[in-house]
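Participant: Just passing along the structure, written as structure tokens.
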Amino acid sequence: MYSILLVDDEKMELEMLADYVRWGDMGIRVAGTAKNGREALLRMEELRPDIILTDVRMPIMDGLEFSRRAKQLNRNVQIAFLSGHDEFHYIKAALSVEAIGYLLKPLDMGELQHLMEKVKQKCEEFRISSQTSEVLKESYLRELILESSPMVRSQWIDKLLLLPSMMPSSVFFQILYITVDPIRNYGVELVTLIRHFAQTEIPRSFLCQIKEGTFVLLCHKPDTPSIELCHTGEELIRYVNDRNDAIISIGVSDVAMGLESLYELCAGAKRANESKFYFGLGSCTKADQAAEPVYIEVNPEPAIASLCHAISHLQESAAITVIRDFFEAMRTSKVDRDLVCSSSLRLITAIEQHFANLLGGDSVNSMYVDDWKRIANYSTINEIENHILEVCHSILSLMKEKDKDKNLHIIHQIASLIDRSFSRQLTIEDIAKQVYLSPNYVRTIFKDKTGETILEYLTRVRIHHAAELLKDKSKKIHEIAASVGYENVSYFCSVFQKFKGTTPNEYRKKLL
């Protein structure tokens with residue numbers, strides 16, 4: 001069903017046209033009404049009708065002037081005139097603005113139906129041709145905004161101007177340069193979302209795909225250079241993010257007149273989009289706010305030394321601080337992307353080589369290749385920073401596991417020593433000498449790994465053996481105490497009762 005916009009300065013006639021003509025029977029719906037040409041132009045922007053039926057004589061802006069401007073906005077819109085003045089010069093003027101027909105007041109329904117059939121046929125012809133035209137327009141625009149030669153660009157402009165659906169050449173343009181981040185989230189659903197937003201929220205816009213995951217949204221306005229799209233770009237980012245897993249980043253060009261300006265506008269919008277490397281994904285950046293990369297060499301050696309020291313001593317927070325400071329300096333200075341990548345690769349390669357024995361010497365070369373590929377493909381400095389944080393975290397985890405295994409071995413040594421020597425006098429100092437560590441360190445790691453102190457473990461072993469010896473009624477209590485390392489019988493009985501809840505004699509009676 002086609003849509004129609006009705007324009008007439010006579011309120012009663014406008015209501016009659018809208019409410020009493022059986023448009024539905026003709027396969028047409030009334031999209032809206034307007035009482036003069038200026039209002040009709042605004043309604044066109046909002047409603048995008050296929051057909052316009054307008055009075056010729058109206059205040060503020062008459063039907064002829066309105067029609068000329070309407071054709072600038074939409075070359076395919078079909079315009080029919082309505083007038084009570086049967087004068088040749090009006091008919092001639094109507095033909096000059098490509099009107100498809102002319103009806104006299106009072107309206108004859110038969111003539112209206114006949115004209116609308118003609119209009120609908122013309123709309124269908126344009127709809128079919130525009131499908132091919134839209135494909136060609138996207139292709140020509142793509143070539144235009146990517147072509148560096150001014151002479152070749154002028155040839156693409158000439159081709160664009162021959163298309164029936166082409167936007168006018170002498171208007172103000174502005175470009176949104178849109179990228180999908182990461183590219184793996186690109187898909188048909190995402191393209192549909194962007195296209196729907198553009199059609200509903202950005203009048204007189206055209207979406208052109210540059211390559212997979214990269215789009216140019218071309219916007220134009222015929223009567224003013226003031227096209228503010230940054231806020232709309234931010235709305236588009238939120239709109240996509242709310243409905244899809246993808247994040248899009250946008251660069252917004254300056255405003256310039258004419259198709260000849262599109263190449264420079266696109267280049268400016270692209271530079272603004274590339275500022276996401278510093279500002280982060282999901283940013284919307286104006287051309288005049290784009291980051292200017294600085295070409296300064298970055299020396300990663302101090303960071304490498306500090307990072308190796310922090311990792312070697314299991315100082316995770318210090319390692320994170322070194323990495324954060326290293327990247328913050330490059331981010332603040334807006335160091336060129338290639339220099340950030342090369343400095344980051346030197347940093348992580350040096351760390352991996354330093355800990356090659358821990359990582360496995362054979363795998364370091366393959367890790368270098370993987371680092372190079374991933375760092376080169378990241379869209380932002382934040383992603384490179386996070387990659388290096390992840391690598392260092394993995395090395396720290398391996399270091400901690402190695403340290404954990406070493407301490408477990410020491411715990412086994414201490415437990416084995418106690419199991420063999422519980423029957424004699426045994427101090428923590430004696431144990432520390434046996435494992436070649438300080439008494440305080442021995443106390444700490446044993447408590448951390450077992451949950452009990454060395455003295456508690458020694459006492460538990462002694463009482464366990466004493467309980468076994470009590471099964472032999474021929475052995476005296478004092479003999480059993482001495483055999484498990486207690487010279488004082490009373491102290492032995494006190495400790496036994498604490499652990500077993502009963503005295504040695506009572507324990508023996510229960511067993512017998």
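Lettering and numbering for the structure tokens are positional, with chains as A, B, ... in the shown order, residues counted from 1 in each chain, and ligands counted from 1 in the shown order.
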Taking 6 positions as the minimum chain separation for residues in the same chain, which residues sit within 10 Å of Cys266 (chain A) when counting only C-alpha atoms? Answer as a ChimeraX atom specification.

Facilitator: /A:144-146,174-177,216-218,251-254,272,287

Participant: Mind dumping the selected residues with C-alpha atoms as an mmCIF file, in the first residue's frame?

Facilitator:
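File written: out09.cif
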```
data_model
loop_
_atom_site.group_PDB
_atom_site.id
_atom_site.type_symbol
_atom_site.label_atom_id
_atom_site.label_comp_id
_atom_site.auth_asym_id
_atom_site.auth_seq_id
_atom_site.Cartn_x
_atom_site.Cartn_y
_atom_site.Cartn_z
ATOM 1 C CA LEU A 144 33.820 7.979 -4.517
ATOM 2 C CA ILE A 145 34.751 8.158 -0.837
ATOM 3 C CA LEU A 146 37.681 5.745 -1.238
ATOM 4 C CA GLN A 174 27.975 15.110 7.002
ATOM 5 C CA ILE A 175 29.262 11.562 7.506
ATOM 6 C CA LEU A 176 29.183 9.008 10.307
ATOM 7 C CA TYR A 177 32.010 6.474 9.987
ATOM 8 C CA VAL A 216 29.503 5.141 6.154
ATOM 9 C CA LEU A 217 26.208 6.840 6.958
ATOM 10 C CA LEU A 218 25.838 9.762 4.576
ATOM 11 C CA GLY A 251 33.569 9.052 13.924
ATOM 12 C CA VAL A 252 31.593 12.178 12.971
ATOM 13 C CA SER A 253 32.841 14.357 10.101
ATOM 14 C CA ASP A 254 32.668 18.117 9.718
ATOM 15 C CA ALA A 272 37.828 10.472 14.327
ATOM 16 C CA ALA A 287 36.424 15.214 13.640
#
```

Participant: Name the residues in contact with Leu73 (chain A) at a cut-off of 10 Å, using only C-alpha atoms, excluding same-chain residues fewer than 3 positions from it; report them as a list in words.

Facilitator: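 Counting only the stated atoms, we get Leu41, Met44, Glu45, Arg48, Ser67, Arg68, Arg69, Ala70, Asn76, Val77, Met166, Met167, Pro168, Pro203, Arg204, His220, Lys221 and Pro222 of chain A.
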
Participant: Mind listing the strand (DSSP E) residues of region 175-353 of chain A, per DSSP on the backbone, as a PyMOL selection string?

Facilitator: chain A and resi 175-181+205-211+214-221+247-252+256-257+284-286

Participant: Excluding region 337-344 of chain A and its own-chain neighbours fewer than 4 positions away, which residues fall within 7 Å of it when counting only C-alpha atoms? Please give them as a list in words.

Facilitator: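 Those residues are Glu297, Val298, Pro300, Ile348, Ile375 and Ala376 of chain A.
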
Participant: Give the answer as one residue: which of A:Lys118, A:Arg331, A:His313, A:Arg324 has the shortest atom-to-atom distance to Lys276 (chain A), using only C-alpha atoms?

Facilitator: A:Arg331

Participant: Let me make sure I understand: among A:His412, A:Lys498, A:Arg127, A:Lys11, which one has the smallest atom-to-atom distance to Ile463 (chain A) if we use only C-alpha atoms?

Facilitator: A:Lys498
